[in-house]
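Student: Next comes the structure file work_28.cif, holding mmCIF, C-alpha atoms and all ligand atoms.
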```cif
data_entry
loop_
_atom_site.group_PDB
_atom_site.id
_atom_site.type_symbol
_atom_site.label_atom_id
_atom_site.label_comp_id
_atom_site.auth_asym_id
_atom_site.auth_seq_id
_atom_site.Cartn_x
_atom_site.Cartn_y
_atom_site.Cartn_z
ATOM 1 C CA MET A 131 -8.305 28.960 14.878
ATOM 2 C CA ALA A 132 -5.330 27.119 13.369
ATOM 3 C CA ALA A 133 -2.852 29.319 15.291
ATOM 4 C CA GLN A 134 -4.409 28.201 18.599
ATOM 5 C CA THR A 135 -4.193 24.508 17.848
ATOM 6 C CA LEU A 136 -1.547 22.789 19.937
ATOM 7 C CA ILE A 137 0.423 19.900 18.568
ATOM 8 C CA ALA A 138 2.617 17.503 20.577
ATOM 9 C CA CYS A 139 6.010 16.489 19.202
ATOM 10 C CA PRO A 140 5.965 12.714 18.597
ATOM 11 C CA GLU A 141 9.588 12.462 19.819
ATOM 12 C CA CYS A 142 9.910 14.763 22.849
ATOM 13 C CA ASP A 143 6.255 15.658 23.672
ATOM 14 C CA GLN A 144 6.932 19.415 23.427
ATOM 15 C CA LEU A 145 3.625 21.223 22.911
ATOM 16 C CA GLN A 146 3.715 23.800 20.113
ATOM 17 C CA HIS A 147 1.265 25.984 18.250
ATOM 18 C CA GLU A 148 0.304 24.669 14.858
ATOM 19 C CA ILE A 149 0.963 27.178 12.084
ATOM 20 C CA ALA A 150 -0.119 27.287 8.449
ATOM 21 C CA LEU A 151 2.571 26.043 6.083
ATOM 22 C CA ALA A 152 3.364 26.652 2.423
ATOM 23 C CA PRO A 153 2.690 23.680 0.098
ATOM 24 C CA HIS A 154 5.283 20.877 0.497
ATOM 25 C CA ALA A 155 6.779 22.579 3.583
ATOM 26 C CA ILE A 156 7.564 20.601 6.719
ATOM 27 C CA ALA A 157 7.105 21.758 10.318
ATOM 28 C CA LEU A 158 9.900 20.722 12.676
ATOM 29 C CA CYS A 159 9.917 20.590 16.446
ATOM 30 C CA SER A 160 11.544 23.698 17.958
ATOM 31 C CA ARG A 161 13.221 21.612 20.658
ATOM 32 C CA CYS A 162 14.416 18.378 19.018
ATOM 33 C CA GLY A 163 13.988 19.016 15.289
ATOM 34 C CA ALA A 164 11.681 16.023 14.700
ATOM 35 C CA GLN A 165 9.077 16.319 11.934
ATOM 36 C CA LEU A 166 5.751 17.516 13.344
ATOM 37 C CA TYR A 167 3.674 17.600 10.158
ATOM 38 C CA ARG A 168 3.953 18.398 6.463
ATOM 39 C CA GLN A 169 1.748 20.317 4.100
ATOM 40 C CA THR A 170 0.703 18.458 0.955
ATOM 41 C CA LEU A 171 -1.448 19.548 -1.952
ATOM 42 C CA HIS A 172 -4.291 17.171 -2.910
ATOM 43 C CA GLY A 173 -2.476 14.383 -1.038
ATOM 44 C CA LEU A 174 -5.664 12.432 -0.316
ATOM 45 C CA ASP A 175 -6.836 12.748 -3.947
ATOM 46 C CA TYR A 176 -3.541 11.301 -5.197
ATOM 47 C CA THR A 177 -3.730 8.553 -2.566
ATOM 48 C CA LEU A 178 -7.290 7.672 -3.624
ATOM 49 C CA ALA A 179 -6.343 7.657 -7.327
ATOM 50 C CA PHE A 180 -3.308 5.410 -6.764
ATOM 51 C CA THR A 181 -5.319 3.128 -4.461
ATOM 52 C CA LEU A 182 -8.009 2.712 -7.141
ATOM 53 C CA ALA A 183 -5.272 1.978 -9.726
ATOM 54 C CA SER A 184 -3.806 -0.552 -7.270
ATOM 55 C CA VAL A 185 -7.184 -2.319 -6.992
ATOM 56 C CA LEU A 186 -7.300 -2.642 -10.790
ATOM 57 C CA PHE A 187 -3.742 -4.013 -11.040
ATOM 58 C CA PHE A 188 -4.372 -6.308 -8.056
ATOM 59 C CA LEU A 189 -7.424 -7.827 -9.783
ATOM 60 C CA LEU A 190 -5.467 -8.285 -13.037
ATOM 61 C CA ALA A 191 -2.541 -9.794 -11.091
ATOM 62 C CA ASN A 192 -4.854 -12.361 -9.512
ATOM 63 C CA VAL A 193 -7.068 -13.254 -12.459
ATOM 64 C CA PHE A 194 -4.491 -13.681 -15.246
ATOM 65 C CA PRO A 195 -1.518 -16.107 -15.371
ATOM 66 C CA LEU A 196 1.758 -14.938 -13.834
ATOM 67 C CA LEU A 197 3.877 -16.733 -16.387
ATOM 68 C CA ARG A 198 3.926 -19.690 -18.781
ATOM 69 C CA LEU A 199 6.700 -22.229 -18.940
ATOM 70 C CA GLU A 200 7.400 -24.106 -22.142
ATOM 71 C CA LEU A 201 9.695 -27.119 -21.961
ATOM 72 C CA GLN A 202 10.113 -29.890 -24.535
ATOM 73 C CA GLY A 203 6.827 -29.165 -26.236
ATOM 74 C CA SER A 204 4.713 -29.047 -23.074
ATOM 75 C CA SER A 205 3.441 -25.810 -21.629
ATOM 76 C CA ARG A 206 2.198 -24.839 -18.150
ATOM 77 C CA SER A 207 0.972 -21.572 -16.771
ATOM 78 C CA THR A 208 0.078 -20.521 -13.257
ATOM 79 C CA THR A 209 -1.746 -17.750 -11.481
ATOM 80 C CA LEU A 210 -0.665 -16.206 -8.184
ATOM 81 C CA PHE A 211 -3.148 -18.332 -6.236
ATOM 82 C CA GLY A 212 -2.036 -21.335 -8.315
ATOM 83 C CA ALA A 213 1.520 -20.703 -7.088
ATOM 84 C CA VAL A 214 0.253 -20.680 -3.490
ATOM 85 C CA THR A 215 -1.617 -23.995 -3.909
ATOM 86 C CA ALA A 216 1.432 -25.494 -5.700
ATOM 87 C CA LEU A 217 3.624 -24.567 -2.713
ATOM 88 C CA ALA A 218 1.035 -26.069 -0.334
ATOM 89 C CA SER A 219 0.873 -29.295 -2.357
ATOM 90 C CA GLN A 220 4.670 -29.646 -2.032
ATOM 91 C CA GLU A 221 4.245 -29.592 1.763
ATOM 92 C CA LEU A 222 5.674 -26.069 1.992
ATOM 93 C CA ILE A 223 2.618 -24.975 3.976
ATOM 94 C CA SER A 224 4.370 -22.212 5.935
ATOM 95 C CA VAL A 225 5.833 -20.683 2.726
ATOM 96 C CA ALA A 226 2.440 -20.978 1.003
ATOM 97 C CA LEU A 227 0.737 -19.198 3.929
ATOM 98 C CA LEU A 228 3.417 -16.498 3.929
ATOM 99 C CA VAL A 229 2.980 -15.858 0.192
ATOM 100 C CA LEU A 230 -0.820 -15.910 0.583
ATOM 101 C CA ALA A 231 -0.676 -13.396 3.461
ATOM 102 C CA THR A 232 1.999 -11.027 2.140
ATOM 103 C CA THR A 233 0.984 -10.863 -1.524
ATOM 104 C CA ILE A 234 -2.798 -11.432 -1.511
ATOM 105 C CA LEU A 235 -4.476 -10.989 1.890
ATOM 106 C CA VAL A 236 -2.561 -8.023 3.325
ATOM 107 C CA PRO A 237 -2.540 -5.907 0.106
ATOM 108 C CA ALA A 238 -6.271 -6.660 -0.363
ATOM 109 C CA LEU A 239 -7.098 -5.694 3.243
ATOM 110 C CA GLU A 240 -4.919 -2.578 3.020
ATOM 111 C CA MET A 241 -6.598 -1.382 -0.188
ATOM 112 C CA ALA A 242 -10.089 -2.142 1.166
ATOM 113 C CA ALA A 243 -9.322 -0.258 4.395
ATOM 114 C CA MET A 244 -7.864 2.726 2.528
ATOM 115 C CA LEU A 245 -10.938 2.911 0.277
ATOM 116 C CA TYR A 246 -13.195 2.684 3.354
ATOM 117 C CA ILE A 247 -11.368 5.735 4.745
ATOM 118 C CA LEU A 248 -10.854 7.770 1.556
ATOM 119 C CA VAL A 249 -14.046 7.318 -0.491
ATOM 120 C CA PRO A 250 -16.465 8.640 2.206
ATOM 121 C CA LEU A 251 -13.992 11.452 2.953
ATOM 122 C CA LYS A 252 -13.979 12.420 -0.728
ATOM 123 C CA LEU A 253 -17.793 12.293 -0.865
ATOM 124 C CA GLY A 254 -18.113 14.249 2.389
ATOM 125 C CA ALA A 255 -19.866 11.348 4.118
ATOM 126 C CA ASN A 256 -19.274 10.259 7.706
ATOM 127 C CA VAL A 257 -18.534 6.590 8.377
ATOM 128 C CA PRO A 258 -17.792 4.988 11.758
ATOM 129 C CA GLY A 259 -14.444 3.543 12.784
ATOM 130 C CA VAL A 260 -12.141 5.619 10.566
ATOM 131 C CA ALA A 261 -9.505 5.985 13.316
ATOM 132 C CA ALA A 262 -9.584 2.238 14.085
ATOM 133 C CA THR A 263 -9.372 1.429 10.352
ATOM 134 C CA PHE A 264 -6.376 3.747 9.984
ATOM 135 C CA ARG A 265 -4.629 2.069 12.947
ATOM 136 C CA PHE A 266 -5.396 -1.288 11.326
ATOM 137 C CA VAL A 267 -3.742 -0.109 8.069
ATOM 138 C CA GLN A 268 -0.665 1.069 10.007
ATOM 139 C CA MET A 269 -0.504 -2.321 11.744
ATOM 140 C CA ILE A 270 -0.787 -4.552 8.657
ATOM 141 C CA ARG A 271 1.161 -2.388 6.157
ATOM 142 C CA PRO A 272 4.639 -3.802 7.061
ATOM 143 C CA TRP A 273 3.295 -7.278 6.193
ATOM 144 C CA GLY A 274 2.439 -6.341 2.614
ATOM 145 C CA MET A 275 5.503 -7.471 0.682
ATOM 146 C CA VAL A 276 4.518 -7.236 -2.956
ATOM 147 C CA GLU A 277 8.002 -5.964 -3.918
ATOM 148 C CA VAL A 278 9.769 -8.860 -2.140
ATOM 149 C CA PHE A 279 7.591 -11.354 -4.013
ATOM 150 C CA MET A 280 8.232 -9.515 -7.279
ATOM 151 C CA LEU A 281 11.992 -9.639 -6.690
ATOM 152 C CA GLY A 282 11.859 -13.383 -5.939
ATOM 153 C CA LEU A 283 9.709 -13.914 -9.017
ATOM 154 C CA LEU A 284 12.163 -12.053 -11.273
ATOM 155 C CA VAL A 285 15.119 -14.037 -9.899
ATOM 156 C CA SER A 286 13.217 -17.298 -10.571
ATOM 157 C CA VAL A 287 12.275 -16.161 -14.077
ATOM 158 C CA VAL A 288 15.927 -15.375 -14.914
ATOM 159 C CA LYS A 289 17.087 -18.741 -13.502
ATOM 160 C CA LEU A 290 14.339 -20.703 -15.270
ATOM 161 C CA ALA A 291 15.020 -18.946 -18.564
ATOM 162 C CA THR A 292 18.232 -20.974 -18.932
ATOM 163 C CA SER A 293 16.367 -24.304 -18.929
ATOM 164 C CA ALA A 294 12.898 -23.476 -20.266
ATOM 165 C CA THR A 295 11.104 -20.830 -22.287
ATOM 166 C CA VAL A 296 9.473 -18.399 -19.857
ATOM 167 C CA ILE A 297 6.669 -16.212 -21.156
ATOM 168 C CA PRO A 298 5.646 -13.441 -18.735
ATOM 169 C CA GLY A 299 1.880 -13.244 -18.265
ATOM 170 C CA VAL A 300 -0.445 -10.261 -17.806
ATOM 171 C CA ALA A 301 -0.309 -10.821 -14.039
ATOM 172 C CA LEU A 302 3.465 -10.375 -13.929
ATOM 173 C CA TRP A 303 3.264 -6.934 -15.556
ATOM 174 C CA SER A 304 0.271 -6.061 -13.370
ATOM 175 C CA PHE A 305 2.215 -7.114 -10.300
ATOM 176 C CA GLY A 306 5.066 -4.831 -11.305
ATOM 177 C CA ALA A 307 2.632 -1.948 -11.785
ATOM 178 C CA LEU A 308 0.934 -2.772 -8.455
ATOM 179 C CA MET A 309 4.271 -2.422 -6.714
ATOM 180 C CA PHE A 310 4.581 1.163 -7.986
ATOM 181 C CA THR A 311 0.954 2.226 -7.415
ATOM 182 C CA LEU A 312 0.969 0.907 -3.813
ATOM 183 C CA SER A 313 4.240 2.747 -3.116
ATOM 184 C CA ALA A 314 2.859 5.922 -4.705
ATOM 185 C CA ALA A 315 -0.358 5.693 -2.627
ATOM 186 C CA ALA A 316 1.737 5.332 0.550
ATOM 187 C CA HIS A 317 4.017 8.202 -0.513
ATOM 188 C CA PHE A 318 1.194 10.678 -1.143
ATOM 189 C CA PHE A 319 -0.786 9.716 1.968
ATOM 190 C CA ASN A 320 -0.418 12.409 4.606
ATOM 191 C CA PRO A 321 -2.245 11.358 7.810
ATOM 192 C CA ARG A 322 -2.628 15.014 8.811
ATOM 193 C CA ASP A 323 -4.901 15.604 5.779
ATOM 194 C CA LEU A 324 -7.059 12.761 7.000
ATOM 195 C CA TRP A 325 -7.471 14.186 10.508
ATOM 196 C CA LEU A 326 -8.098 17.710 9.151
ATOM 197 C CA GLY A 327 -10.697 16.282 6.749
ATOM 198 C CA LEU A 328 -12.419 14.454 9.587
ATOM 199 C CA ARG A 329 -12.442 17.408 11.974
ATOM 200 C CA PRO A 330 -15.854 18.837 10.915
ATOM 201 C CA TYR A 331 -17.497 15.460 11.602
ATOM 202 C CA GLY A 332 -15.989 15.218 15.087
HETATM 203 ZN ZN ZN A 401 10.487 17.421 19.718
#
```
Can you present the structure in this file as structure tokens?
Tutor:
Amino acid sequence: MAAQTLIACPECDQLQHEIALAPHAIALCSRCGAQLYRQTLHGLDYTLAFTLASVLFFLLANVFPLLRLELQGSSRSTTLFGAVTALASQELISVALLVLATTILVPALEMAAMLYILVPLKLGANVPGVAATFRFVQMIRPWGMVEVFMLGLLVSVVKLATSATVIPGVALWSFGALMFTLSAAAHFFNPRDLWLGLRPYG
């Protein structure tokens, strides 16, 4: 059956027969050399595991304080959402909305959507709207900028450390871990596995 399946090159539209590949091999277009598909082993399982780990780190990153500042005997700590409300209270509404969207809303939506796709697939259940959910993930993913926020946070921490005592909170470490688990989930996700997994359910 697999040998009769035709696949269109995403770059030049050349139709080619799909062939079975060895693990980690990549099929290239015979005309233009573009990547047609790749063969991964347990790609969806790894993606699910890293997505679940991401959910855990995301919850920790939002519940616990990001960092505590100690200056002249007084101490203040803030959570991620606290940082967003602090930005909003300083009339930096657009920056606050950007931080809220790129570090809280988009990662949360992306993880929820990925779990909606992957958990039923793992359990062999059929849920509606998988293709639309996947397109939604593809659309919002570029707006998840956990690593950009983390970089900005580290720069601020280094700068603040010269004038105040900065104590990193649980959320800061969790945020760092979240950055890696989200990247790992994206790395292991092979859309072809998803479509092959869905094939029996039409
Ligand atoms: Zn091609």
Student: Select, from A:Arg161, A:His147, A:Arg206, A:Arg168, the residue with the minimum atom-to-atom distance to ligand ZN 401 (chain A), counting all atoms listed in the file.
Tutor: A:Arg161
Student: Which residues are close to Ala315 of chain A, i.e. within 7 Å by all atoms listed in the file, leaving aside same-chain residues fewer than 6 positions away? Reply as an mmCIF file with C-alpha atoms, in the coordinates of the input.
Tutor:
```
data_model
loop_
_atom_site.group_PDB
_atom_site.id
_atom_site.type_symbol
_atom_site.label_atom_id
_atom_site.label_comp_id
_atom_site.auth_asym_id
_atom_site.auth_seq_id
_atom_site.Cartn_x
_atom_site.Cartn_y
_atom_site.Cartn_z
ATOM 1 C CA TYR A 176 -3.541 11.301 -5.197
ATOM 2 C CA THR A 177 -3.730 8.553 -2.566
ATOM 3 C CA PHE A 180 -3.308 5.410 -6.764
ATOM 4 C CA THR A 181 -5.319 3.128 -4.461
#
```
Student: List the residues selected by the PyMOL selection byres (((chain A and resi 273) around 9) and not hetatm) in the file shown, writing them as a PyMOL selection string.
Tutor: chain A and resi 231-233+236-237+269-272+274-275
Student: Write out as a PyMOL selection string which residues come within 10 Å of segment 189-191 of chain A when counting all atoms listed in the file, dropping same-chain ones fewer than 6 positions away.
Tutor: chain A and resi 209-211+234+238+299-308
Student: Between chain A and ligand ZN 401 (chain A), at 6 Å or less, what are the per-residue closest atom pairs and their distances in Å? Count only C-alpha atoms and all ligand atoms, order by chain and rising residue number, and return it as a tab-separated table.
Tutor:
```
residue	atom	partner	partner_atom	distance
A:Cys139	CA	A:ZN401	ZN	4.6
A:Glu141	CA	A:ZN401	ZN	5.0
A:Cys142	CA	A:ZN401	ZN	4.1
A:Gln144	CA	A:ZN401	ZN	5.5
A:Cys159	CA	A:ZN401	ZN	4.6
A:Arg161	CA	A:ZN401	ZN	5.1
A:Cys162	CA	A:ZN401	ZN	4.1
A:Gly163	CA	A:ZN401	ZN	5.9
A:Ala164	CA	A:ZN401	ZN	5.3
```
Student: Since I can't run it myself right now, could you work out what the PyMOL selection byres (((chain A and resi 171) around 12) and not hetatm) selects here and report it as a list in words?
Tutor: Leu151, Ala152, Pro153, His154, Ala155, Arg168, Gln169, Thr170, His172, Gly173, Leu174, Asp175, Tyr176, Thr177, Phe318, Phe319, Asn320, Arg322 and Asp323 of chain A
Student: Pick the closest to Pro250 of chain A from A:Ala262, A:Ile149, A:Ala183, A:Leu324: which is it, counting all atoms listed in the file?
Tutor: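 Smallest distance to Pro250 of chain A is found for A:Leu324.
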Student: By how many Å are atom CA of Val214 of chain A and atom CA of Phe264 of chain A apart?
Tutor: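 Between atom CA of Val214 of chain A and atom CA of Phe264 of chain A the gap works out to 28.7 Å.
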Student: Determine the nearest neighbour of Leu251 of chain A from the options A:Val185, A:Leu328, A:Ala294, A:Leu166, counting only C-alpha atoms.
Tutor: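 Closest to Leu251 of chain A of all the choices is A:Leu328.
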Student: Got a minute to add N, CA, C and O atoms to segment 201-226 of chain A and dump it as a compact mmCIF listing (two decimals), in the coordinates of the input?
Tutor:
```
# COMPACT_ATOMS: atom_id res chain seq x y z
N LEU A 201 8.52 -26.24 -22.02
CA LEU A 201 9.70 -27.12 -21.96
C LEU A 201 9.40 -28.39 -22.75
O LEU A 201 8.42 -29.09 -22.45
N GLN A 202 10.22 -28.69 -23.72
CA GLN A 202 10.11 -29.89 -24.54
C GLN A 202 8.69 -30.10 -25.06
O GLN A 202 8.10 -31.17 -24.93
N GLY A 203 8.13 -29.06 -25.59
CA GLY A 203 6.83 -29.16 -26.24
C GLY A 203 5.63 -29.05 -25.31
O GLY A 203 4.50 -28.85 -25.77
N SER A 204 5.86 -29.19 -23.99
CA SER A 204 4.71 -29.05 -23.07
C SER A 204 4.73 -27.64 -22.47
O SER A 204 5.80 -27.03 -22.33
N SER A 205 3.56 -27.18 -22.12
CA SER A 205 3.44 -25.81 -21.63
C SER A 205 2.57 -25.78 -20.38
O SER A 205 1.54 -26.46 -20.30
N ARG A 206 3.00 -24.98 -19.38
CA ARG A 206 2.20 -24.84 -18.15
C ARG A 206 2.18 -23.38 -17.73
O ARG A 206 3.20 -22.68 -17.84
N SER A 207 1.04 -22.94 -17.28
CA SER A 207 0.97 -21.57 -16.77
C SER A 207 0.34 -21.60 -15.39
O SER A 207 -0.37 -22.54 -15.04
N THR A 208 0.64 -20.57 -14.61
CA THR A 208 0.08 -20.52 -13.26
C THR A 208 -0.32 -19.10 -12.88
O THR A 208 0.28 -18.13 -13.37
N THR A 209 -1.34 -19.04 -12.04
CA THR A 209 -1.75 -17.75 -11.48
C THR A 209 -1.07 -17.60 -10.12
O THR A 209 -0.41 -18.52 -9.65
N LEU A 210 -1.25 -16.45 -9.51
CA LEU A 210 -0.66 -16.21 -8.18
C LEU A 210 -1.21 -17.21 -7.17
O LEU A 210 -0.46 -17.84 -6.42
N PHE A 211 -2.54 -17.39 -7.18
CA PHE A 211 -3.15 -18.33 -6.24
C PHE A 211 -2.72 -19.76 -6.57
O PHE A 211 -2.54 -20.58 -5.68
N GLY A 212 -2.53 -20.03 -7.88
CA GLY A 212 -2.04 -21.34 -8.32
C GLY A 212 -0.66 -21.61 -7.73
O GLY A 212 -0.34 -22.73 -7.34
N ALA A 213 0.18 -20.56 -7.66
CA ALA A 213 1.52 -20.70 -7.09
C ALA A 213 1.42 -21.04 -5.60
O ALA A 213 2.18 -21.86 -5.09
N VAL A 214 0.46 -20.41 -4.92
CA VAL A 214 0.25 -20.68 -3.49
C VAL A 214 -0.18 -22.13 -3.28
O VAL A 214 0.39 -22.85 -2.43
N THR A 215 -1.14 -22.62 -4.07
CA THR A 215 -1.62 -24.00 -3.91
C THR A 215 -0.51 -24.99 -4.31
O THR A 215 -0.42 -26.05 -3.71
N ALA A 216 0.33 -24.61 -5.30
CA ALA A 216 1.43 -25.49 -5.70
C ALA A 216 2.43 -25.63 -4.55
O ALA A 216 2.92 -26.73 -4.27
N LEU A 217 2.71 -24.52 -3.87
CA LEU A 217 3.62 -24.57 -2.71
C LEU A 217 3.03 -25.45 -1.61
O LEU A 217 3.73 -26.25 -1.00
N ALA A 218 1.71 -25.29 -1.38
CA ALA A 218 1.03 -26.07 -0.33
C ALA A 218 1.06 -27.56 -0.68
O ALA A 218 1.26 -28.40 0.21
N SER A 219 0.89 -27.88 -1.96
CA SER A 219 0.87 -29.30 -2.36
C SER A 219 2.26 -29.93 -2.26
O SER A 219 2.37 -31.15 -2.22
N GLN A 220 3.31 -29.10 -2.22
CA GLN A 220 4.67 -29.65 -2.03
C GLN A 220 5.07 -29.63 -0.56
O GLN A 220 6.27 -29.65 -0.23
N GLU A 221 4.06 -29.58 0.30
CA GLU A 221 4.24 -29.59 1.76
C GLU A 221 5.05 -28.40 2.28
O GLU A 221 5.70 -28.48 3.32
N LEU A 222 5.04 -27.31 1.52
CA LEU A 222 5.67 -26.07 1.99
C LEU A 222 4.55 -25.15 2.50
O LEU A 222 4.36 -24.04 2.02
N ILE A 223 3.82 -25.67 3.49
CA ILE A 223 2.62 -24.98 3.98
C ILE A 223 2.95 -23.59 4.52
O ILE A 223 2.27 -22.61 4.22
N SER A 224 4.04 -23.51 5.32
CA SER A 224 4.37 -22.21 5.94
C SER A 224 4.73 -21.18 4.86
O SER A 224 4.34 -20.02 4.96
N VAL A 225 5.47 -21.61 3.81
CA VAL A 225 5.83 -20.68 2.73
C VAL A 225 4.57 -20.28 1.96
O VAL A 225 4.39 -19.10 1.61
N ALA A 226 3.69 -21.26 1.72
CA ALA A 226 2.44 -20.98 1.00
C ALA A 226 1.60 -19.95 1.77
O ALA A 226 1.07 -19.00 1.17
```
